[in-house]
Amino acid sequence: MKPGYQKYIPFQPQKIENRTWPDRVITKAPVWCSVDLRDGNQALVDPMNLQEKLEYFHTLVDIGVKEIEIGFPSASETEYEICRELIEGGHIPDDVTIQVLVQAREHLIKKTFEAIRGAKNVILHFYNSTSTLQRKVVFHMDTDGITKIATDAADLIYEMSKPLIDQGMNLRFEYSPESFMGTEMDYAVEICQAVLEHLHATPERKVILNLPTTVENCMPNQFADMLEYFCRKIPGRDSAIISLHPHNDRGTGVATTELGLLAGADRVEATLFGNGERTGNVDMVTLAMNMWTQGIDPELDFHDINKIKEMFERCTKMPVGDRQPYAGKLVFTAFSGSHQDAINKGSQYMKDSGTEYWEIPYLPIDPADVGREYEPIIRINSQSGKGGAAYIMEHNFGFDLPKAMHPEFGSVVQHETDAVGTEITPERINQLFHQTYIDVDGPYKLLKHAFQETIDGEGHSHVAFQGTIQHTDTIFQVSGEGNGPIDAFFNAIKGEKMARFSFLDYASHAITDGSDSQGVAYILLQDQRDGKKYWGVGLSHNINLAPLRGILSAINRAKRARHHE
Ligand SMILES: CC(=O)SCCNC(=O)CCNC(=O)[C@H](O)C(C)(C)COP(=O)(O)OP(=O)(O)OC[C@H]1O[C@@H](n2cnc3c(N)ncnc32)[C@H](O)[C@@H]1OP(=O)(O)O
Ligand SMILES: CC(C)C(=O)C(=O)O
């Protein structure tokens, strides 16, 4: 054997002229078929039991999947019994078709027919492998022999179906040339054409031709070329429904499916969260939600993805990864500063502009569309920036910090995340905010205060302030007048040491928490001695008092800063 990478045979692309799929776009949902209970189940360490399969089946029905491969009933007693319970237990809604898989082998086909009796809508799905490799190493046959396996099975299935169809069963057929992507396309066309003929397919009684990437071995564009070639060449294209059954060995199952749809497929077999053999089948959630984010109705309902995920993890004992598209724990979370900044600005833009569209950078989908609106979008660690901390203060605690204050509070938070080296919680951020700005108790304290407001004949407000202030052990009275509470307070403290601050900026708003409403004031002062600027924040049920507390907060912070220099 050749060493290393040289032992692999490169994929031989199908030549195709004037391919059309690159110019197409997806405009509607395909027919969806879930293969969770078969391909997904056969790949589990512990296959699902009856109760788990029933619960899973009902979830798929609730999602809106109309074709569900329920298993391989001829494989074992367990599989057979599950099929019988679904049929006899009345679990299958009238608009849902169950699909059963079987190898192209007589005794298994016969057993499968036993298993489906009494069902209303059934797709009988049979397969045999057609690839050059499997012909060589598994079946030891030429193409005629492989075709005969398929057509013998088709004949048997066709004959055995007649009485059931006469009795009113809506019985349809599906054939998979398994390992299609390892098959020469002209031979794939030939064997599928033979199967269509032996099943007497017509445009009225179409047969599903399911073209699997049983083991994904080529790039999605190469697969799309194969599929377009196949669709062009297959005689009786209008007697067939072209179905995809992508696996994910190269990690490109979703791309292969999407390009396959462009290249002419009508139907997709997929599983929730991409469970299935090896690296899995293609993920139905990702495919559907990708359509959703392009403004296309996928005709599947994933509005409560967490509930579906919980069922999936319990029944399969497989975890859904934190980065799994649309469903992973972290897929709507930004830790990094520039992402947080843009998300913050995007949310603001959406509020301010009243746009009809979802226009938030770094969030390709509204988390509410999959029921995840209550999860934190922004989380804080040492990669985060000032916008993130401000976002948390606003969205979790109602403090709409002035933009000019973001850098200062951002650096308080950054200092903490650097020190602890881990994520910090919103509660800790709120605590830092209170410690830094609101609970700055001293050296100055306002012990008592009174305002008197008069309005003159021309409607101008005139405010008189009187207060008692404590500085360490000294208590002193101050009074002043002005055209508003802040002005009056500033005039009152003129002459005190506190007066060496000039007033630069002010913002305020109400914070409502249930029935309780408080005013918050953000004050920016400048120390005239060294030009340094200090923010202070005041919180009070009294709207006149909040700014005063804010002023004292800024002054106290300045004092403490000088003290520590
Ligand atoms: C790609 C896919 O996922 S296909 C689905 C795969 N799923 C499963 O296999 C799960 C359920 N399967 C089973 O429980 C078992 O395989 C059974 C019960 C169906 C069959 O069991 P067995 O007959 O004991 O064994 P096995 O599946 O290995 O059969 C191998 C024989 O069938 C032949 N064979 C395999 N697949 C097919 C097929 N699709 N059509 C016709 N013959 C086939 C093989 O060439 C081999 O023949 P040989 O005995 O002459 O060498
Ligand atoms: C039976 C077929 C469709 C299959 O599961 C595969 O090829 O992966």
# chains A, B, ... in the order shown; residues from 1 in each chain; ligands from 1

call {"tool": "closest_atom_pairs", "arguments": {"of": "chain A", "to": "ligand 1", "cutoff": "9 Å", "atoms": "only C-alpha atoms and all ligand atoms", "output": "tab-separated table"}}
result
residue	atom	partner	partner_atom_place_in_ligand_line	distance
A:Arg38	CA	ligand 1	7 (N)	7.8
A:Asp39	CA	ligand 1	3 (O)	5.9
A:Gln42	CA	ligand 1	10 (C)	5.9
A:Ala43	CA	ligand 1	3 (O)	8.7
A:Gly71	CA	ligand 1	11 (C)	8.6
A:Phe72	CA	ligand 1	11 (C)	6.1
A:Pro73	CA	ligand 1	11 (C)	8.5
A:Ser74	CA	ligand 1	18 (C)	6.4
A:Ala75	CA	ligand 1	18 (C)	3.8
A:Ser76	CA	ligand 1	14 (O)	6.1
A:Leu101	CA	ligand 1	5 (C)	7.5
A:Val102	CA	ligand 1	19 (C)	7.0
A:Gln103	CA	ligand 1	39 (N)	3.7
A:Ala104	CA	ligand 1	40 (N)	3.8
A:Arg105	CA	ligand 1	41 (C)	5.0
A:Glu106	CA	ligand 1	41 (C)	8.7
A:Leu108	CA	ligand 1	19 (C)	7.1
A:Phe126	CA	ligand 1	39 (N)	7.1
A:Tyr127	CA	ligand 1	39 (N)	4.7
A:Asn128	CA	ligand 1	39 (N)	3.5
A:Ser129	CA	ligand 1	39 (N)	6.1
A:Gln134	CA	ligand 1	45 (O)	8.9
A:Val138	CA	ligand 1	45 (O)	5.7
A:Phe139	CA	ligand 1	45 (O)	5.1
A:His140	CA	ligand 1	45 (O)	8.6
A:Ile146	CA	ligand 1	41 (C)	8.7
A:Ile149	CA	ligand 1	41 (C)	6.4
A:Ala150	CA	ligand 1	40 (N)	7.5
A:Ala153	CA	ligand 1	40 (N)	8.5
A:Ser176	CA	ligand 1	39 (N)	8.9
A:Pro177	CA	ligand 1	39 (N)	8.9
A:Glu178	CA	ligand 1	1 (C)	6.4
A:Ser179	CA	ligand 1	1 (C)	7.5
A:Pro212	CA	ligand 1	1 (C)	8.4
A:Thr214	CA	ligand 1	1 (C)	5.7
A:Val215	CA	ligand 1	1 (C)	8.3
A:Gly276	CA	ligand 1	3 (O)	8.8
A:Glu277	CA	ligand 1	3 (O)	7.1

call {"tool": "residues_around", "arguments": {"residues": "Gly251 of chain A", "least_positions_apart": "6", "cutoff": "10 Å", "atoms": "only C-alpha atoms", "output": "MDAnalysis selection string"}}
result
chainID A and resid 216 219 279:280 282

call {"tool": "residues_around", "arguments": {"residues": "Phe451 of chain A", "least_positions_apart": "6", "cutoff": "9 Å", "atoms": "only C-alpha atoms", "output": "JSON, numbers by chain"}}
result
{"A": [463, 464, 465, 466, 467, 485, 488, 544]}

call {"tool": "closest_residue", "arguments": {"among": "A:His339, A:His247, A:Arg237, A:Lys7", "to": "ligand 2", "atoms": "only C-alpha atoms and all ligand atoms"}}
result
A:His247

call {"tool": "select_by_dssp", "arguments": {"residues": "segment 127-375 of chain A", "states": "helix (DSSP H, G or I)", "output": "VMD selection string"}}
result
chain A and resid 132 to 139 143 to 166 180 to 182 185 to 198 220 to 233 237 to 239 253 to 262 272 to 274 284 to 292 305 to 316 337 to 353 367 to 370

call {"tool": "residues_around", "arguments": {"residues": "Met48 of chain A", "least_positions_apart": "4", "cutoff": "8 Å", "atoms": "only C-alpha atoms", "output": "VMD selection string"}}
result
chain A and resid 41 44 52 to 53 315 to 316

call {"tool": "write_last_selection", "arguments": {"atoms": "C-alpha atoms", "output": "PDB file, in the first residue's frame"}}
result
ATOM      1  CA  ASN A  41     -31.322   4.988  15.134  1.00  0.00           C
ATOM      2  CA  LEU A  44     -26.761   4.883  18.073  1.00  0.00           C
ATOM      3  CA  GLU A  52     -38.419   6.516  22.838  1.00  0.00           C
ATOM      4  CA  LYS A  53     -39.267   5.848  19.202  1.00  0.00           C
ATOM      5  CA  CYS A 315     -34.057   9.608  23.437  1.00  0.00           C
ATOM      6  CA  THR A 316     -30.760   9.255  21.561  1.00  0.00           C
TER       7      THR A 316
END

call {"tool": "closest_residue", "arguments": {"among": "A:Trp32, A:Phe180, A:Tyr534, A:Phe223", "to": "ligand 2", "atoms": "only C-alpha atoms and all ligand atoms"}}
result
A:Phe180

call {"tool": "atom_distance", "arguments": {"atom1": "atom CA of Lys445 of chain A", "atom2": "atom CA of Ile469 of chain A"}}
result
5.6 Å

call {"tool": "atom_distance", "arguments": {"atom1": "atom CA of Pro426 of chain A", "atom2": "atom CA of His541 of chain A"}}
result
23.6 Å

call {"tool": "residues_around", "arguments": {"residues": "Ile555 of chain A", "least_positions_apart": "3", "cutoff": "12 Å", "atoms": "only C-alpha atoms", "output": "count of residues only"}}
result
40

call {"tool": "atom_distance", "arguments": {"atom1": "atom CA of Thr333 of chain A", "atom2": "atom CA of Ile378 of chain A"}}
result
5.5 Å

call {"tool": "residues_around", "arguments": {"residues": "Gly388 of chain A", "least_positions_apart": "2", "cutoff": "10 Å", "atoms": "only C-alpha atoms", "output": "PyMOL selection string"}}
result
chain A and resi 334-344+377-381+383-386+390-394+406+410+413

call {"tool": "residues_around", "arguments": {"residues": "Phe399 of chain A", "least_positions_apart": "4", "cutoff": "12 Å", "atoms": "only C-alpha atoms", "output": "number ranges by chain"}}
result
A: 389-395, 403, 405-406, 429-430, 433-434, 507-513, 518-522, 537-539

call {"tool": "select_by_dssp", "arguments": {"residues": "segment 55-115 of chain A", "states": "strand (DSSP E)", "output": "list in words"}}
result
Glu67, Ile68, Glu69, Ile70, Gly71, Thr97, Ile98, Gln99, Val100, Leu101, Val102 and Gln103 of chain A

call {"tool": "write_last_selection", "arguments": {"atoms": "N, CA and C atoms", "output": "PDB file, in the first residue's frame"}}
result
ATOM      1  N   GLU A  67     -43.306  12.664   5.855  1.00  0.00           N
ATOM      2  CA  GLU A  67     -42.814  11.351   5.466  1.00  0.00           C
ATOM      3  C   GLU A  67     -41.754  10.948   6.494  1.00  0.00           C
ATOM      4  N   ILE A  68     -41.981   9.825   7.166  1.00  0.00           N
ATOM      5  CA  ILE A  68     -41.094   9.443   8.274  1.00  0.00           C
ATOM      6  C   ILE A  68     -40.674   7.987   8.105  1.00  0.00           C
ATOM      7  N   GLU A  69     -39.353   7.796   7.903  1.00  0.00           N
ATOM      8  CA  GLU A  69     -38.849   6.419   7.816  1.00  0.00           C
ATOM      9  C   GLU A  69     -38.782   5.877   9.239  1.00  0.00           C
ATOM     10  N   ILE A  70     -39.633   4.898   9.541  1.00  0.00           N
ATOM     11  CA  ILE A  70     -39.776   4.488  10.947  1.00  0.00           C
ATOM     12  C   ILE A  70     -38.817   3.379  11.325  1.00  0.00           C
ATOM     13  N   GLY A  71     -38.175   2.753  10.346  1.00  0.00           N
ATOM     14  CA  GLY A  71     -37.219   1.712  10.701  1.00  0.00           C
ATOM     15  C   GLY A  71     -36.992   0.729   9.575  1.00  0.00           C
ATOM     16  N   THR A  97     -47.063   9.781   6.071  1.00  0.00           N
ATOM     17  CA  THR A  97     -46.712   8.516   5.415  1.00  0.00           C
ATOM     18  C   THR A  97     -45.541   7.895   6.163  1.00  0.00           C
ATOM     19  N   ILE A  98     -45.688   6.620   6.512  1.00  0.00           N
ATOM     20  CA  ILE A  98     -44.524   5.954   7.112  1.00  0.00           C
ATOM     21  C   ILE A  98     -43.707   5.321   5.984  1.00  0.00           C
ATOM     22  N   GLN A  99     -42.408   5.301   6.197  1.00  0.00           N
ATOM     23  CA  GLN A  99     -41.494   4.711   5.210  1.00  0.00           C
ATOM     24  C   GLN A  99     -40.743   3.580   5.907  1.00  0.00           C
ATOM     25  N   VAL A 100     -40.582   2.467   5.201  1.00  0.00           N
ATOM     26  CA  VAL A 100     -39.838   1.329   5.787  1.00  0.00           C
ATOM     27  C   VAL A 100     -38.731   0.934   4.823  1.00  0.00           C
ATOM     28  N   LEU A 101     -37.582   0.618   5.396  1.00  0.00           N
ATOM     29  CA  LEU A 101     -36.416   0.289   4.565  1.00  0.00           C
ATOM     30  C   LEU A 101     -36.185  -1.218   4.542  1.00  0.00           C
ATOM     31  N   VAL A 102     -35.725  -1.706   3.388  1.00  0.00           N
ATOM     32  CA  VAL A 102     -35.394  -3.123   3.287  1.00  0.00           C
ATOM     33  C   VAL A 102     -34.313  -3.313   2.224  1.00  0.00           C
ATOM     34  N   GLN A 103     -33.459  -4.303   2.463  1.00  0.00           N
ATOM     35  CA  GLN A 103     -32.482  -4.682   1.421  1.00  0.00           C
ATOM     36  C   GLN A 103     -33.234  -5.348   0.275  1.00  0.00           C
TER      37      GLN A 103
END
